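S.K.: Mind looking over this structure? Questions follow.
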Amino acid sequence: MDCIFCTIVAGAAPAAQVYRDEHCMALMDVHPLGQGHVLLIPLQHVEKLEQLAAPTRQHLYRVFDNLVAAQRRAGFGVEGTHLIVNDGKATNQHIPHAHLHLVPRKRGDALGFGWRMFLHFTGIFGWRSRHDILQAQADAIAAQLERITAQQLTARTPAEQALEQAR
């Protein structure tokens, strides 16, 4: 496989995984723009988000919404989050597989963030983060995501819960 994301999805390359379902996967960026930087990718290989079926795109954005909440509950991005989508080669997309960056931000990080963003933009990317550090961040975010998901399930009506279980 030429696509690193497809290789990760297939289980042939390691990743600090935050979440996975039948449509998408969330994992820590190995060249993070900040602590808690998550990538959300569709399992299906497409270069641009528009190539996904509308329900899959909508699902990605629902997962994105929960991931941002989970990042914040885990202590990442409490002050803000950048959603970065490089959708196609003309946008400086280095990996031709649709993906969304969820980059936690905090006051005073502009200089470091700007430098790391510059490195990403040039394709140099900078230093790779250690897997154990990324896995600890992934575990913290995943734990909060499980709590959010459980709260959403209990907030549904019995009819909505039955419909979800039937899927």
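Going through the structure tokens in order, the chains are called A, B, and so on, while each chain numbers its residues from 1 and the ligands are numbered from 1 in the order shown.
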Determine, counting only C-alpha atoms, which protein, DNA and RNA residues have an atom within 8 Å of an atom of segment 22-35 of chain A; residues of the same chain fewer than 3 positions away are not included. Present the result as a PyMOL selection string.
M.R.: chain A and resi 9+15-19+38-44+56+59-60+76+103-105+113+116-117+125-131+134-135+137-138
S.K.: Write the residues of the selection above to a file with C-alpha atoms, as an mmCIF file, in the first residue's frame.
M.R.:
```
data_model
loop_
_atom_site.group_PDB
_atom_site.id
_atom_site.type_symbol
_atom_site.label_atom_id
_atom_site.label_comp_id
_atom_site.auth_asym_id
_atom_site.auth_seq_id
_atom_site.Cartn_x
_atom_site.Cartn_y
_atom_site.Cartn_z
ATOM 1 C CA VAL A 9 -6.343 1.272 8.756
ATOM 2 C CA ALA A 15 -0.782 4.262 15.379
ATOM 3 C CA ALA A 16 -1.889 5.742 18.671
ATOM 4 C CA GLN A 17 -5.586 5.155 18.060
ATOM 5 C CA VAL A 18 -8.248 7.239 19.773
ATOM 6 C CA TYR A 19 -11.380 5.873 18.081
ATOM 7 C CA VAL A 38 -5.804 14.225 16.443
ATOM 8 C CA LEU A 39 -6.324 13.162 12.837
ATOM 9 C CA LEU A 40 -9.762 11.934 11.788
ATOM 10 C CA ILE A 41 -9.719 9.822 8.645
ATOM 11 C CA PRO A 42 -12.367 7.909 6.726
ATOM 12 C CA LEU A 43 -11.586 4.199 6.414
ATOM 13 C CA GLN A 44 -12.399 4.435 2.715
ATOM 14 C CA THR A 56 -20.232 9.200 5.674
ATOM 15 C CA HIS A 59 -20.793 10.927 10.276
ATOM 16 C CA LEU A 60 -17.217 12.291 10.195
ATOM 17 C CA PHE A 76 -6.346 19.582 25.397
ATOM 18 C CA VAL A 103 -5.445 20.822 16.753
ATOM 19 C CA PRO A 104 -5.863 21.998 20.356
ATOM 20 C CA ARG A 105 -4.662 25.557 20.977
ATOM 21 C CA PHE A 113 2.409 26.678 16.535
ATOM 22 C CA ARG A 116 5.328 23.714 13.462
ATOM 23 C CA MET A 117 2.703 24.794 10.896
ATOM 24 C CA PHE A 125 7.133 18.102 9.468
ATOM 25 C CA GLY A 126 9.780 18.372 12.198
ATOM 26 C CA TRP A 127 10.421 15.880 14.974
ATOM 27 C CA ARG A 128 8.329 12.809 15.376
ATOM 28 C CA SER A 129 6.666 12.406 18.786
ATOM 29 C CA ARG A 130 7.326 9.273 20.810
ATOM 30 C CA HIS A 131 4.639 6.616 20.514
ATOM 31 C CA LEU A 134 1.011 9.874 21.818
ATOM 32 C CA GLN A 135 -0.609 6.722 23.203
ATOM 33 C CA GLN A 137 -2.768 11.321 24.971
ATOM 34 C CA ALA A 138 -4.891 8.964 22.838
#
```
S.K.: Would you mind listing what lies within 8 Å of segment 92-102 of chain A as a JSON list (two decimals) with C-alpha atoms, in the first residue's frame, with only C-alpha atoms counted and same-chain residues fewer than 6 positions away left out?
M.R.:
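Printed below is around.json as written:
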```
[["chain", "number", "residue", "atom", "x", "y", "z"],
["A", 3, "CYS", "CA", -1.06, 5.36, 1.43],
["A", 4, "ILE", "CA", 0.17, 5.48, 5.04],
["A", 5, "PHE", "CA", -3.39, 5.99, 6.30],
["A", 37, "HIS", "CA", -3.40, 16.81, 17.89],
["A", 38, "VAL", "CA", -5.80, 14.23, 16.44],
["A", 39, "LEU", "CA", -6.32, 13.16, 12.84],
["A", 40, "LEU", "CA", -9.76, 11.93, 11.79],
["A", 41, "ILE", "CA", -9.72, 9.82, 8.64],
["A", 42, "PRO", "CA", -12.37, 7.91, 6.73],
["A", 45, "HIS", "CA", -9.51, 5.76, 0.65],
["A", 46, "VAL", "CA", -10.55, 8.99, -1.04],
["A", 47, "GLU", "CA", -8.44, 12.06, -1.69],
["A", 48, "LYS", "CA", -11.18, 14.62, -1.08],
["A", 49, "LEU", "CA", -14.05, 14.68, 1.37],
["A", 64, "PHE", "CA", -15.35, 15.38, 14.98],
["A", 68, "VAL", "CA", -13.31, 18.09, 20.18],
["A", 81, "THR", "CA", -9.27, 24.21, 18.60],
["A", 82, "HIS", "CA", -8.22, 24.56, 14.99],
["A", 83, "LEU", "CA", -10.01, 22.35, 12.49],
["A", 84, "ILE", "CA", -7.65, 22.07, 9.54],
["A", 85, "VAL", "CA", -8.71, 20.36, 6.34],
["A", 86, "ASN", "CA", -6.27, 20.18, 3.45],
["A", 121, "PHE", "CA", 3.45, 23.27, 5.09],
["A", 123, "GLY", "CA", 6.62, 18.89, 4.06]]
```
S.K.: Rounded to one decimal place, report the atom CA of Val63 of chain A-atom CA of Leu145 of chain A distance in Å.
M.R.: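 Spanning atom CA of Val63 of chain A to atom CA of Leu145 of chain A is a straight-line distance of 9.5 Å.
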S.K.: Which is closer to Arg20 of chain A than all the others in A:Glu50, A:Asp65, A:Glu146, A:Asp132, using only C-alpha atoms?
M.R.: A:Glu146
S.K.: Looking only at helix (DSSP H, G or I) from DSSP on the backbone, list the matching residues of chain A as a VMD selection string.
M.R.: chain A and resid 4 to 9 49 to 51 54 to 73 89 to 91 110 to 122 131 to 155 158 to 166
S.K.: Find the residue from A:Asp2, A:Asp21, A:Glu79, A:Asp87 that sits nearest to Lys106 of chain A; use only C-alpha atoms when measuring.
M.R.: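 Of A:Asp2, A:Asp21, A:Glu79, A:Asp87, the one nearest Lys106 of chain A is A:Glu79, counting only C-alpha atoms.
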S.K.: Which distance in Å separates atom CA of Ile148 of chain A and atom CA of Gln165 of chain A, to one decimal?
M.R.: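 Atom-to-atom, atom CA of Ile148 of chain A to atom CA of Gln165 of chain A, that is 17.6 Å.
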S.K.: What are the DSSP strand (DSSP E) residues of segment 15-122 of chain A, as a ChimeraX atom specification?
M.R.: /A:17-20,24-28,38-42,80-84,100-105
S.K.: Rounded to one decimal, what separation in Å do you get between atom CA of Arg57 of chain A and atom CA of Arg73 of chain A?
M.R.: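 Separation of atom CA of Arg57 of chain A and atom CA of Arg73 of chain A: 24.6 Å.
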